[in-house]
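Listing of input_9.pdb, PDB, C-alpha atoms and all ligand atoms
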```
ATOM      1  CA  MET T   1     -39.988  -9.431  -9.099
ATOM      2  CA  LYS T   2     -41.705  -6.998  -6.712
ATOM      3  CA  SER T   3     -39.786  -5.714  -3.710
ATOM      4  CA  LEU T   4     -41.013  -6.995  -0.373
ATOM      5  CA  TYR T   5     -39.126  -4.206   1.373
ATOM      6  CA  PRO T   6     -41.231  -1.236   0.404
ATOM      7  CA  LEU T   7     -39.195   1.294   2.384
ATOM      8  CA  ALA T   8     -36.203   0.513   0.234
ATOM      9  CA  ARG T   9     -38.100   1.357  -2.959
ATOM     10  CA  GLY T  10     -40.124   4.221  -4.442
ATOM     11  CA  ASN T  11     -43.333   5.639  -2.880
ATOM     12  CA  PRO T  12     -42.817   3.957   0.506
ATOM     13  CA  VAL T  13     -45.606   5.579   2.502
ATOM     14  CA  SER T  14     -48.634   4.392   0.585
ATOM     15  CA  ALA T  15     -47.182   0.898   0.115
ATOM     16  CA  LEU T  16     -46.448   0.658   3.839
ATOM     17  CA  THR T  17     -49.883   1.870   4.836
ATOM     18  CA  THR T  18     -51.517  -0.765   2.667
ATOM     19  CA  LEU T  19     -49.353  -3.541   4.085
ATOM     20  CA  ALA T  20     -49.886  -2.349   7.657
ATOM     21  CA  VAL T  21     -53.658  -2.343   7.207
ATOM     22  CA  LEU T  22     -53.439  -5.864   5.818
ATOM     23  CA  GLY T  23     -51.312  -6.875   8.821
ATOM     24  CA  LEU T  24     -48.463  -8.059   6.621
ATOM     25  CA  ILE T  25     -45.681  -6.023   8.215
ATOM     26  CA  ASN T  26     -44.315  -5.616  11.703
ATOM     27  CA  THR T  27     -43.649  -2.257  13.374
ATOM     28  CA  SER T  28     -40.139  -1.960  11.878
ATOM     29  CA  GLY T  29     -41.631  -1.866   8.397
ATOM     30  CA  PHE T  30     -40.333  -5.332   7.434
ATOM     31  CA  ALA T  31     -42.613  -7.827   5.813
ATOM     32  CA  ALA T  32     -42.952 -10.260   8.707
ATOM     33  CA  ASP T  33     -42.574 -13.524   6.833
ATOM     34  CA  LYS T  34     -40.509 -12.389   3.857
ATOM     35  CA  LYS T  35     -36.779 -12.594   3.432
ATOM     36  CA  LEU T  36     -34.667  -9.581   2.580
ATOM     37  CA  VAL T  37     -33.231 -10.162  -0.905
ATOM     38  CA  VAL T  38     -29.701  -8.807  -1.438
ATOM     39  CA  GLY T  39     -27.640  -8.948  -4.622
ATOM     40  CA  PHE T  40     -23.898  -8.917  -3.944
ATOM     41  CA  SER T  41     -21.273  -8.646  -6.684
ATOM     42  CA  GLN T  42     -17.824  -9.678  -5.486
ATOM     43  CA  VAL T  43     -14.512  -8.723  -7.148
ATOM     44  CA  GLY T  44     -13.324 -12.316  -7.541
ATOM     45  CA  ALA T  45     -11.247 -14.826  -5.587
ATOM     46  CA  GLU T  46      -7.852 -13.259  -6.229
ATOM     47  CA  SER T  47      -6.418 -13.353  -2.704
ATOM     48  CA  GLY T  48      -6.652 -14.869   0.771
ATOM     49  CA  TRP T  49      -8.177 -11.558   1.841
ATOM     50  CA  ARG T  50     -10.943 -11.893  -0.745
ATOM     51  CA  THR T  51     -11.756 -15.481   0.292
ATOM     52  CA  ALA T  52     -12.113 -14.362   3.911
ATOM     53  CA  ASN T  53     -14.290 -11.427   2.803
ATOM     54  CA  THR T  54     -16.585 -13.701   0.765
ATOM     55  CA  ASP T  55     -16.889 -16.186   3.656
ATOM     56  CA  SER T  56     -17.737 -13.373   6.063
ATOM     57  CA  ILE T  57     -20.469 -12.016   3.759
ATOM     58  CA  LYS T  58     -21.998 -15.418   2.940
ATOM     59  CA  SER T  59     -21.986 -16.685   6.522
ATOM     60  CA  GLU T  60     -23.481 -13.466   7.910
ATOM     61  CA  ALA T  61     -26.262 -13.512   5.304
ATOM     62  CA  ALA T  62     -27.045 -17.135   6.189
ATOM     63  CA  LYS T  63     -27.042 -16.307   9.914
ATOM     64  CA  ARG T  64     -29.590 -13.528   9.376
ATOM     65  CA  GLY T  65     -31.804 -15.536   7.020
ATOM     66  CA  ILE T  66     -31.095 -13.151   4.144
ATOM     67  CA  ASP T  67     -31.653 -14.361   0.589
ATOM     68  CA  LEU T  68     -28.221 -13.544  -0.868
ATOM     69  CA  HIS T  69     -27.761 -13.537  -4.635
ATOM     70  CA  PHE T  70     -23.966 -13.772  -4.877
ATOM     71  CA  SER T  71     -22.033 -13.197  -8.083
ATOM     72  CA  ASP T  72     -18.263 -13.504  -8.676
ATOM     73  CA  ALA T  73     -16.961 -10.982 -11.256
ATOM     74  CA  GLN T  74     -13.639 -12.800 -11.748
ATOM     75  CA  GLN T  75     -11.862  -9.429 -11.546
ATOM     76  CA  LYS T  76     -13.676  -8.115 -14.634
ATOM     77  CA  GLU T  77     -15.634  -4.890 -14.505
ATOM     78  CA  GLU T  78     -17.918  -5.937 -17.369
ATOM     79  CA  ASN T  79     -19.004  -9.024 -15.395
ATOM     80  CA  GLN T  80     -19.780  -6.814 -12.430
ATOM     81  CA  ILE T  81     -21.903  -4.430 -14.507
ATOM     82  CA  LYS T  82     -23.799  -7.425 -15.947
ATOM     83  CA  ALA T  83     -24.386  -8.803 -12.445
ATOM     84  CA  ILE T  84     -25.737  -5.462 -11.187
ATOM     85  CA  ARG T  85     -28.066  -5.236 -14.204
ATOM     86  CA  SER T  86     -29.306  -8.724 -13.473
ATOM     87  CA  PHE T  87     -29.936  -7.812  -9.796
ATOM     88  CA  ILE T  88     -31.978  -4.834 -11.027
ATOM     89  CA  ALA T  89     -33.968  -7.103 -13.363
ATOM     90  CA  GLN T  90     -34.569  -9.541 -10.489
ATOM     91  CA  GLY T  91     -35.854  -6.664  -8.339
ATOM     92  CA  VAL T  92     -33.666  -7.385  -5.315
ATOM     93  CA  ASP T  93     -34.269  -5.181  -2.260
ATOM     94  CA  VAL T  94     -30.679  -3.915  -1.932
ATOM     95  CA  ILE T  95     -27.589  -4.201  -4.137
ATOM     96  CA  ALA T  96     -24.132  -4.317  -2.570
ATOM     97  CA  PHE T  97     -20.843  -4.673  -4.375
ATOM     98  CA  SER T  98     -17.099  -4.378  -4.094
ATOM     99  CA  PRO T  99     -16.035  -2.575  -7.281
ATOM    100  CA  VAL T 100     -13.152  -4.103  -9.243
ATOM    101  CA  VAL T 101     -12.049  -0.622 -10.367
ATOM    102  CA  GLU T 102     -13.098   2.914  -9.417
ATOM    103  CA  THR T 103     -14.517   4.229 -12.683
ATOM    104  CA  GLY T 104     -17.207   3.195 -15.183
ATOM    105  CA  PHE T 105     -20.065   2.386 -12.815
ATOM    106  CA  GLU T 106     -22.071   5.601 -13.052
ATOM    107  CA  PRO T 107     -24.554   4.465 -15.776
ATOM    108  CA  VAL T 108     -25.455   1.188 -14.078
ATOM    109  CA  LEU T 109     -25.784   2.920 -10.714
ATOM    110  CA  GLN T 110     -28.163   5.396 -12.324
ATOM    111  CA  GLU T 111     -30.198   2.425 -13.564
ATOM    112  CA  ALA T 112     -30.360   1.050 -10.012
ATOM    113  CA  LYS T 113     -31.444   4.443  -8.691
ATOM    114  CA  LYS T 114     -34.136   4.722 -11.359
ATOM    115  CA  ALA T 115     -35.405   1.274 -10.357
ATOM    116  CA  GLY T 116     -35.526   2.481  -6.723
ATOM    117  CA  ILE T 117     -32.979  -0.086  -5.533
ATOM    118  CA  PRO T 118     -30.515   1.275  -2.964
ATOM    119  CA  VAL T 119     -26.818   0.450  -3.356
ATOM    120  CA  VAL T 120     -24.177  -0.090  -0.668
ATOM    121  CA  LEU T 121     -20.451  -0.203  -1.489
ATOM    122  CA  SER T 122     -18.357  -2.749   0.360
ATOM    123  CA  ASP T 123     -14.534  -2.673   0.646
ATOM    124  CA  ARG T 124     -13.783  -0.487  -2.408
ATOM    125  CA  ALA T 125     -15.005   2.907  -3.588
ATOM    126  CA  VAL T 126     -16.240   4.175  -6.972
ATOM    127  CA  LYS T 127     -15.731   7.562  -8.585
ATOM    128  CA  VAL T 128     -19.108   9.054  -9.531
ATOM    129  CA  SER T 129     -20.308  12.605 -10.090
ATOM    130  CA  ASP T 130     -23.568  11.997  -8.185
ATOM    131  CA  PRO T 131     -22.975  11.015  -4.536
ATOM    132  CA  THR T 132     -26.617   9.919  -4.138
ATOM    133  CA  LEU T 133     -25.972   6.899  -6.387
ATOM    134  CA  TYR T 134     -25.054   4.865  -3.310
ATOM    135  CA  LYS T 135     -26.128   5.038   0.315
ATOM    136  CA  CYS T 136     -22.948   4.075   2.114
ATOM    137  CA  PHE T 137     -19.359   3.012   1.510
ATOM    138  CA  LEU T 138     -18.080   0.565   4.139
ATOM    139  CA  GLY T 139     -14.376  -0.230   3.987
ATOM    140  CA  SER T 140     -10.808   0.566   4.886
ATOM    141  CA  ASP T 141      -8.980   3.850   4.512
ATOM    142  CA  PHE T 142      -6.538   2.675   1.829
ATOM    143  CA  ILE T 143      -4.551   5.929   1.836
ATOM    144  CA  GLU T 144      -3.969   5.468   5.559
ATOM    145  CA  GLU T 145      -2.830   1.872   4.910
ATOM    146  CA  GLY T 146      -0.324   3.163   2.340
ATOM    147  CA  LYS T 147       0.936   5.738   4.844
ATOM    148  CA  ARG T 148       1.328   3.089   7.527
ATOM    149  CA  ALA T 149       3.303   0.948   5.077
ATOM    150  CA  GLY T 150       5.480   3.977   4.255
ATOM    151  CA  ASN T 151       6.206   4.657   7.912
ATOM    152  CA  GLU T 152       7.137   1.017   8.493
ATOM    153  CA  ALA T 153       9.403   1.127   5.422
ATOM    154  CA  LEU T 154      11.167   4.167   6.890
ATOM    155  CA  LYS T 155      11.674   2.401  10.235
ATOM    156  CA  LEU T 156      13.048  -0.740   8.581
ATOM    157  CA  THR T 157      15.561   1.069   6.371
ATOM    158  CA  ASP T 158      16.495   4.168   8.400
ATOM    159  CA  GLY T 159      15.132   6.249   5.547
ATOM    160  CA  LYS T 160      17.422   4.914   2.830
ATOM    161  CA  ALA T 161      16.129   2.289   0.396
ATOM    162  CA  GLY T 162      15.902   1.188  -3.212
ATOM    163  CA  ILE T 163      12.222   0.285  -3.354
ATOM    164  CA  ALA T 164      10.464  -2.227  -5.592
ATOM    165  CA  GLU T 165       6.683  -1.898  -5.572
ATOM    166  CA  LEU T 166       4.159  -4.607  -6.400
ATOM    167  CA  VAL T 167       1.028  -2.677  -7.280
ATOM    168  CA  GLY T 168      -2.521  -4.077  -6.937
ATOM    169  CA  THR T 169      -5.095  -4.235  -9.740
ATOM    170  CA  VAL T 170      -4.628  -1.219 -12.014
ATOM    171  CA  GLY T 171      -7.448   1.298 -11.537
ATOM    172  CA  SER T 172      -8.681  -0.246  -8.281
ATOM    173  CA  ALA T 173      -9.185   1.969  -5.235
ATOM    174  CA  PRO T 174      -6.701   0.063  -3.015
ATOM    175  CA  ALA T 175      -3.954   0.188  -5.666
ATOM    176  CA  ILE T 176      -4.449   3.910  -6.305
ATOM    177  CA  ASP T 177      -4.760   4.924  -2.652
ATOM    178  CA  ARG T 178      -2.057   2.689  -1.175
ATOM    179  CA  ALA T 179       0.430   3.972  -3.760
ATOM    180  CA  LYS T 180      -0.611   7.536  -2.913
ATOM    181  CA  GLY T 181      -0.353   7.132   0.877
ATOM    182  CA  PHE T 182       3.037   5.422   0.636
ATOM    183  CA  ARG T 183       4.439   8.155  -1.634
ATOM    184  CA  GLU T 184       3.110  10.895   0.637
ATOM    185  CA  VAL T 185       5.152   9.497   3.510
ATOM    186  CA  ILE T 186       8.418   8.863   1.654
ATOM    187  CA  ALA T 187       8.250  12.145  -0.321
ATOM    188  CA  SER T 188      10.210  14.040   2.342
ATOM    189  CA  HIS T 189      12.953  11.364   2.414
ATOM    190  CA  PRO T 190      15.106  11.793  -0.702
ATOM    191  CA  ASP T 191      16.995   8.545  -0.043
ATOM    192  CA  MET T 192      13.795   6.500  -0.277
ATOM    193  CA  LYS T 193      13.630   5.832  -4.019
ATOM    194  CA  ILE T 194      11.021   3.788  -5.859
ATOM    195  CA  ILE T 195      13.143   2.198  -8.564
ATOM    196  CA  LEU T 196      10.697  -0.413  -9.888
ATOM    197  CA  SER T 197       6.894  -0.476  -9.852
ATOM    198  CA  GLN T 198       4.539  -2.874 -11.608
ATOM    199  CA  SER T 199       1.131  -4.457 -11.112
ATOM    200  CA  GLY T 200       0.860  -8.000  -9.792
ATOM    201  CA  ASP T 201      -2.970  -7.788  -9.890
ATOM    202  CA  PHE T 202      -3.248  -8.713  -6.171
ATOM    203  CA  THR T 203      -2.476 -12.400  -6.906
ATOM    204  CA  ARG T 204       0.303 -14.618  -5.594
ATOM    205  CA  ALA T 205       1.130 -16.001  -9.060
ATOM    206  CA  LYS T 206       1.508 -12.536 -10.611
ATOM    207  CA  GLY T 207       3.421 -11.272  -7.574
ATOM    208  CA  LYS T 208       5.940 -14.058  -8.111
ATOM    209  CA  GLU T 209       6.132 -13.457 -11.841
ATOM    210  CA  VAL T 210       6.729  -9.699 -11.498
ATOM    211  CA  MET T 211       9.288 -10.175  -8.702
ATOM    212  CA  GLU T 212      11.185 -12.630 -10.936
ATOM    213  CA  ALA T 213      11.296  -9.927 -13.619
ATOM    214  CA  PHE T 214      12.431  -7.320 -11.051
ATOM    215  CA  LEU T 215      15.270  -9.616  -9.980
ATOM    216  CA  LYS T 216      16.419 -10.011 -13.576
ATOM    217  CA  SER T 217      16.277  -6.269 -14.301
ATOM    218  CA  PRO T 218      19.360  -3.982 -14.385
ATOM    219  CA  GLU T 219      18.102  -2.372 -11.118
ATOM    220  CA  ALA T 220      17.962  -5.709  -9.257
ATOM    221  CA  LYS T 221      21.047  -5.078  -7.128
ATOM    222  CA  GLN T 222      19.667  -1.770  -5.838
ATOM    223  CA  ILE T 223      16.493  -3.339  -4.368
ATOM    224  CA  THR T 224      16.621  -3.241  -0.575
ATOM    225  CA  LEU T 225      12.899  -3.023   0.179
ATOM    226  CA  LEU T 226       9.745  -4.468  -1.348
ATOM    227  CA  PHE T 227       6.409  -2.738  -0.845
ATOM    228  CA  ALA T 228       3.625  -5.120  -1.902
ATOM    229  CA  HIS T 229       0.077  -3.779  -2.018
ATOM    230  CA  ASN T 230      -1.162  -7.069  -0.573
ATOM    231  CA  ASP T 231       0.159 -10.119   1.275
ATOM    232  CA  ASP T 232      -0.553 -12.570  -1.543
ATOM    233  CA  MET T 233       1.775 -10.722  -3.929
ATOM    234  CA  ALA T 234       4.400 -10.505  -1.152
ATOM    235  CA  LEU T 235       4.153 -14.262  -0.595
ATOM    236  CA  GLY T 236       4.636 -14.876  -4.313
ATOM    237  CA  ALA T 237       7.623 -12.493  -4.289
ATOM    238  CA  ILE T 238       9.130 -14.335  -1.312
ATOM    239  CA  GLN T 239       9.096 -17.525  -3.385
ATOM    240  CA  ALA T 240      10.770 -15.706  -6.299
ATOM    241  CA  MET T 241      13.471 -14.309  -3.980
ATOM    242  CA  GLU T 242      14.203 -17.715  -2.441
ATOM    243  CA  GLU T 243      14.466 -19.318  -5.866
ATOM    244  CA  ALA T 244      16.965 -16.596  -6.810
ATOM    245  CA  GLY T 245      19.048 -17.265  -3.664
ATOM    246  CA  ILE T 246      17.978 -14.048  -1.923
ATOM    247  CA  LYS T 247      16.926 -14.064   1.736
ATOM    248  CA  PRO T 248      13.493 -12.391   1.964
ATOM    249  CA  GLY T 249      13.076 -10.254   5.069
ATOM    250  CA  GLN T 250      16.862  -9.866   5.364
ATOM    251  CA  ASP T 251      18.537  -9.121   2.009
ATOM    252  CA  ILE T 252      15.332  -7.435   0.913
ATOM    253  CA  LYS T 253      12.994  -6.118   3.621
ATOM    254  CA  ILE T 254       9.290  -6.610   2.900
ATOM    255  CA  VAL T 255       6.241  -4.570   3.886
ATOM    256  CA  SER T 256       2.820  -5.671   2.683
ATOM    257  CA  ILE T 257      -0.850  -5.124   3.425
ATOM    258  CA  ASP T 258      -3.797  -7.310   4.582
ATOM    259  CA  GLY T 259      -2.711  -9.326   7.631
ATOM    260  CA  VAL T 260      -3.690 -12.794   6.359
ATOM    261  CA  LYS T 261      -2.461 -15.870   8.248
ATOM    262  CA  GLY T 262       0.093 -16.651   5.514
ATOM    263  CA  ALA T 263       1.742 -13.284   6.164
ATOM    264  CA  PHE T 264       1.972 -13.992   9.895
ATOM    265  CA  GLU T 265       3.530 -17.389   9.152
ATOM    266  CA  ALA T 266       6.067 -15.720   6.857
ATOM    267  CA  MET T 267       6.829 -13.127   9.569
ATOM    268  CA  LYS T 268       7.242 -15.891  12.144
ATOM    269  CA  ASP T 269       9.789 -17.493   9.780
ATOM    270  CA  GLY T 270      11.594 -14.150   9.396
ATOM    271  CA  LYS T 271      10.717 -13.848   5.691
ATOM    272  CA  LEU T 272       8.374 -10.868   5.856
ATOM    273  CA  ASN T 273       8.909  -7.821   8.057
ATOM    274  CA  VAL T 274       5.569  -6.051   8.427
ATOM    275  CA  THR T 275       1.941  -6.505   7.453
ATOM    276  CA  VAL T 276      -0.439  -3.564   7.635
ATOM    277  CA  GLU T 277      -3.883  -4.872   8.489
ATOM    278  CA  CYS T 278      -6.843  -4.527   6.116
ATOM    279  CA  ASN T 279      -9.886  -6.152   7.677
ATOM    280  CA  PRO T 280     -11.942  -8.391   5.325
ATOM    281  CA  LEU T 281     -14.471  -9.504   7.964
ATOM    282  CA  LEU T 282     -17.062  -6.988   6.826
ATOM    283  CA  GLY T 283     -20.152  -9.260   6.838
ATOM    284  CA  PRO T 284     -21.715  -8.211  10.179
ATOM    285  CA  GLN T 285     -21.215  -4.459   9.626
ATOM    286  CA  LEU T 286     -22.309  -4.710   5.995
ATOM    287  CA  PHE T 287     -25.619  -6.398   6.788
ATOM    288  CA  ASP T 288     -26.295  -3.990   9.682
ATOM    289  CA  ILE T 289     -26.064  -1.218   7.096
ATOM    290  CA  ILE T 290     -28.055  -3.112   4.454
ATOM    291  CA  GLU T 291     -30.879  -3.877   6.885
ATOM    292  CA  LYS T 292     -31.074  -0.237   7.906
ATOM    293  CA  VAL T 293     -31.100   0.894   4.275
ATOM    294  CA  ALA T 294     -33.858  -1.624   3.498
ATOM    295  CA  LYS T 295     -35.952  -0.155   6.312
ATOM    296  CA  GLY T 296     -35.448   3.335   4.944
ATOM    297  CA  GLU T 297     -33.270   4.405   7.867
ATOM    298  CA  THR T 298     -30.475   6.911   7.353
ATOM    299  CA  VAL T 299     -26.950   5.476   7.331
ATOM    300  CA  PRO T 300     -23.623   7.330   7.290
ATOM    301  CA  ALA T 301     -22.224   7.876   3.798
ATOM    302  CA  ARG T 302     -18.847   6.477   4.918
ATOM    303  CA  VAL T 303     -17.957   3.835   7.515
ATOM    304  CA  VAL T 304     -14.215   3.228   7.982
ATOM    305  CA  THR T 305     -13.045  -0.106   9.391
ATOM    306  CA  GLN T 306     -10.593  -0.158  12.301
ATOM    307  CA  GLU T 307      -7.217  -1.783  11.609
ATOM    308  CA  GLY T 308      -3.712  -2.217  13.050
ATOM    309  CA  VAL T 309      -0.095  -2.801  12.001
ATOM    310  CA  TYR T 310       1.875  -5.973  12.839
ATOM    311  CA  GLU T 311       5.647  -6.267  12.904
ATOM    312  CA  GLN T 312       7.731  -9.463  12.845
ATOM    313  CA  ALA T 313       8.269  -9.513  16.627
ATOM    314  CA  GLN T 314       4.506  -9.815  17.211
ATOM    315  CA  ALA T 315       3.918 -12.626  14.694
ATOM    316  CA  ALA T 316       4.272 -15.715  16.922
ATOM    317  CA  GLU T 317       1.916 -14.314  19.558
ATOM    318  CA  GLU T 318      -0.626 -12.977  17.079
ATOM    319  CA  LEU T 319      -0.754 -15.921  14.651
ATOM    320  CA  PRO T 320      -3.058 -18.180  16.743
ATOM    321  CA  LYS T 321      -5.494 -15.274  17.172
ATOM    322  CA  ARG T 322      -5.846 -14.487  13.468
ATOM    323  CA  GLN T 323      -9.301 -15.240  12.066
ATOM    324  CA  TYR T 324      -8.317 -15.109   8.401
TER     325      TYR T 324
HETATM  326  O1  LIG H   1      -9.781  -4.338  -1.755
HETATM  327  C1  LIG H   1      -9.015  -5.002  -0.810
HETATM  328  C2  LIG H   1      -7.863  -5.666  -1.476
HETATM  329  O2  LIG H   1      -8.317  -6.540  -2.473
HETATM  330  C3  LIG H   1      -6.988  -6.517  -0.582
HETATM  331  O3  LIG H   1      -5.919  -5.851  -0.019
HETATM  332  C4  LIG H   1      -6.460  -7.497  -1.570
HETATM  333  O4  LIG H   1      -5.821  -8.598  -0.993
HETATM  334  C5  LIG H   1      -7.680  -7.796  -2.338
HETATM  335  O5  LIG H   1      -7.502  -8.499  -3.458
END
```
Using structure tokens, write down the structure that the file contains.
Amino acid sequence: MKSLYPLARGNPVSALTTLAVLGLINTSGFAADKKLVVGFSQVGAESGWRTANTDSIKSEAAKRGIDLHFSDAQQKEENQIKAIRSFIAQGVDVIAFSPVVETGFEPVLQEAKKAGIPVVLSDRAVKVSDPTLYKCFLGSDFIEEGKRAGNEALKLTDGKAGIAELVGTVGSAPAIDRAKGFREVIASHPDMKIILSQSGDFTRAKGKEVMEAFLKSPEAKQITLLFAHNDDMALGAIQAMEEAGIKPGQDIKIVSIDGVKGAFEAMKDGKLNVTVECNPLLGPQLFDIIEKVAKGETVPARVVTQEGVYEQAQAAEELPKRQY
């Protein structure tokens, strides 16, 4: 398929001139009656956060009349690489994706570059040797989120805790960076000890399963704080604690990340202590960037989303305002 957004592809000037002479484009360089075609490869549907992110992207595309080719990778990198290759074959105007893991995308991104299709990263980063393989990365500062979680953990425990950690998807940017940020903060507090750490793959079911195993381990009695890399895993762990006769939020303090409604409900019930916000409502910002990229405009290489921290005492007031 030929791109209808010539500025997004190779040799823009001559293509534009031809279209302008024919009267087929408006002054912004867009083909007046043609839709922008965007291929988006999503991580999966692993969490409440992800569902909200998908809804935000789909509804914003619909609002703007964008032809969105959406593909769900079901948390598998190989599916994501296949989807990107298929977007290249379809000749979409822009490719956007939220990478399941950080590494392994360089070859397919080179293919996109060779085909003249610009790429925008949404939510998660990739590790590549050539920074020109994508135009912009829009998403949270995951290291900062980990640091915020670490600071909240310190406040909750007066700097003395046996910590169990539910890690996100192994190799994913949020799992790597949140672990890093958290450790940076607790490093100077020798009584903050991570005694158990395992991946729950960002899902509620796995979070529950791993917490059950933690509670059966020889270290179980030393756990006084749970750091979950997302709310869904924390909610699963809460279930596991209750089934084991442990009071979540009291016997074991809990800090997690995302700020989904379920976390606010758990805080309101006293079962979760803190959620560090990670904003999934990226649709409007993402398509602002995509539209600029399609027009050949320069965009910043990095756009960081603004986020807050919510403690239990704020839950009842904040809950009705939450959008996801
Ligand atoms: O990349 C963002 C993370 O992915 C969210 O924290 C988590 O819930 C999701 O699965």
Give me the box for ligand LIG 1 (chain H) as AutoDock Vina command-line options, namely the centre and edge lengths in Å to one decimal of a box along x, y and z that holds every listed atom plus 6 Å on each side.
```
--center_x -7.8 --center_y -6.5 --center_z -1.7 --size_x 16.0 --size_y 16.3 --size_z 15.4
```
Requested in this report: Check which residues satisfy the PyMOL selection byres (((chain T and resi 216-220) around 10) and not hetatm) in the file shown, then give them as JSON, numbers by chain.
Outcome: {"T": [162, 164, 195, 196, 210, 211, 212, 213, 214, 215, 221, 222, 223, 224, 244]}
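Atom CA of T:Ile246 lies 23.2 Å from atom CA of T:Val276.
Among the candidates T:Ser172, T:Gln110, T:Asn273, T:Gln250, the one nearest to ligand LIG 1 (chain H) when counting only C-alpha atoms and all ligand atoms is T:Ser172.
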Please, which residues have at least one atom within 7 Å of an atom of ligand LIG 1 (chain H), using only C-alpha atoms and all ligand atoms, listed as a CSV table (one decimal) with C-alpha atoms, in the frame of the given file?
```csv
chain,number,residue,atom,x,y,z
T,46,GLU,CA,-7.9,-13.3,-6.2
T,47,SER,CA,-6.4,-13.4,-2.7
T,48,GLY,CA,-6.7,-14.9,0.8
T,49,TRP,CA,-8.2,-11.6,1.8
T,50,ARG,CA,-10.9,-11.9,-0.7
T,123,ASP,CA,-14.5,-2.7,0.6
T,124,ARG,CA,-13.8,-0.5,-2.4
T,174,PRO,CA,-6.7,0.1,-3.0
T,202,PHE,CA,-3.2,-8.7,-6.2
T,229,HIS,CA,0.1,-3.8,-2.0
T,230,ASN,CA,-1.2,-7.1,-0.6
T,231,ASP,CA,0.2,-10.1,1.3
T,232,ASP,CA,-0.6,-12.6,-1.5
T,257,ILE,CA,-0.8,-5.1,3.4
T,258,ASP,CA,-3.8,-7.3,4.6
T,278,CYS,CA,-6.8,-4.5,6.1
```
Could you write out as a PDB file with C-alpha atoms, in the frame of the given file the residues that the PyMOL selection byres (((chain T and resi 128-144) around 8) and not hetatm) matches in the shown file?
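Output (result.pdb):
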```
ATOM      1  CA  THR T 103     -14.517   4.229 -12.683  1.00  0.00           C
ATOM      2  CA  PHE T 105     -20.065   2.386 -12.815  1.00  0.00           C
ATOM      3  CA  GLU T 106     -22.071   5.601 -13.052  1.00  0.00           C
ATOM      4  CA  LEU T 109     -25.784   2.920 -10.714  1.00  0.00           C
ATOM      5  CA  GLN T 110     -28.163   5.396 -12.324  1.00  0.00           C
ATOM      6  CA  LYS T 113     -31.444   4.443  -8.691  1.00  0.00           C
ATOM      7  CA  PRO T 118     -30.515   1.275  -2.964  1.00  0.00           C
ATOM      8  CA  VAL T 119     -26.818   0.450  -3.356  1.00  0.00           C
ATOM      9  CA  VAL T 120     -24.177  -0.090  -0.668  1.00  0.00           C
ATOM     10  CA  LEU T 121     -20.451  -0.203  -1.489  1.00  0.00           C
ATOM     11  CA  SER T 122     -18.357  -2.749   0.360  1.00  0.00           C
ATOM     12  CA  ASP T 123     -14.534  -2.673   0.646  1.00  0.00           C
ATOM     13  CA  ARG T 124     -13.783  -0.487  -2.408  1.00  0.00           C
ATOM     14  CA  ALA T 125     -15.005   2.907  -3.588  1.00  0.00           C
ATOM     15  CA  VAL T 126     -16.240   4.175  -6.972  1.00  0.00           C
ATOM     16  CA  LYS T 127     -15.731   7.562  -8.585  1.00  0.00           C
ATOM     17  CA  GLU T 145      -2.830   1.872   4.910  1.00  0.00           C
ATOM     18  CA  GLY T 146      -0.324   3.163   2.340  1.00  0.00           C
ATOM     19  CA  LYS T 147       0.936   5.738   4.844  1.00  0.00           C
ATOM     20  CA  ARG T 148       1.328   3.089   7.527  1.00  0.00           C
ATOM     21  CA  ALA T 173      -9.185   1.969  -5.235  1.00  0.00           C
ATOM     22  CA  PRO T 174      -6.701   0.063  -3.015  1.00  0.00           C
ATOM     23  CA  ASP T 177      -4.760   4.924  -2.652  1.00  0.00           C
ATOM     24  CA  ARG T 178      -2.057   2.689  -1.175  1.00  0.00           C
ATOM     25  CA  ALA T 179       0.430   3.972  -3.760  1.00  0.00           C
ATOM     26  CA  LYS T 180      -0.611   7.536  -2.913  1.00  0.00           C
ATOM     27  CA  GLY T 181      -0.353   7.132   0.877  1.00  0.00           C
ATOM     28  CA  PHE T 182       3.037   5.422   0.636  1.00  0.00           C
ATOM     29  CA  CYS T 278      -6.843  -4.527   6.116  1.00  0.00           C
ATOM     30  CA  ASN T 279      -9.886  -6.152   7.677  1.00  0.00           C
ATOM     31  CA  LEU T 282     -17.062  -6.988   6.826  1.00  0.00           C
ATOM     32  CA  LEU T 286     -22.309  -4.710   5.995  1.00  0.00           C
ATOM     33  CA  ILE T 289     -26.064  -1.218   7.096  1.00  0.00           C
ATOM     34  CA  VAL T 293     -31.100   0.894   4.275  1.00  0.00           C
ATOM     35  CA  VAL T 299     -26.950   5.476   7.331  1.00  0.00           C
ATOM     36  CA  PRO T 300     -23.623   7.330   7.290  1.00  0.00           C
ATOM     37  CA  ALA T 301     -22.224   7.876   3.798  1.00  0.00           C
ATOM     38  CA  ARG T 302     -18.847   6.477   4.918  1.00  0.00           C
ATOM     39  CA  VAL T 303     -17.957   3.835   7.515  1.00  0.00           C
ATOM     40  CA  VAL T 304     -14.215   3.228   7.982  1.00  0.00           C
ATOM     41  CA  THR T 305     -13.045  -0.106   9.391  1.00  0.00           C
ATOM     42  CA  GLN T 306     -10.593  -0.158  12.301  1.00  0.00           C
ATOM     43  CA  GLU T 307      -7.217  -1.783  11.609  1.00  0.00           C
TER      44      GLU T 307
END
```
Query raised in the report: Written as a ChimeraX atom specification, what is the full residue list that the PyMOL selection byres (((chain T and resi 204) around 6) and not hetatm) yields on the file shown?
Result: /T:203,205-207,232-233,236
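With distances taken over only C-alpha atoms, T:Asp201 is the one residue among T:Ala89, T:Lys63, T:Ile163, T:Asp201 lying closest to T:Val101.
Residue neighbourhood of T:Ile84, excluding near-sequence residues (fewer than 2 positions): T:Gly39, T:Phe40, T:Ser41, T:Ser71, T:Glu78, T:Asn79, T:Gln80, T:Ile81, T:Lys82, T:Ser86, T:Phe87, T:Ile88, T:Ala89, T:Gln90, T:Ile95, T:Ala96, T:Phe97, T:Phe105, T:Val108, T:Leu109, T:Glu111, T:Ala112, T:Val119, at 10 Å, using all atoms listed in the file.
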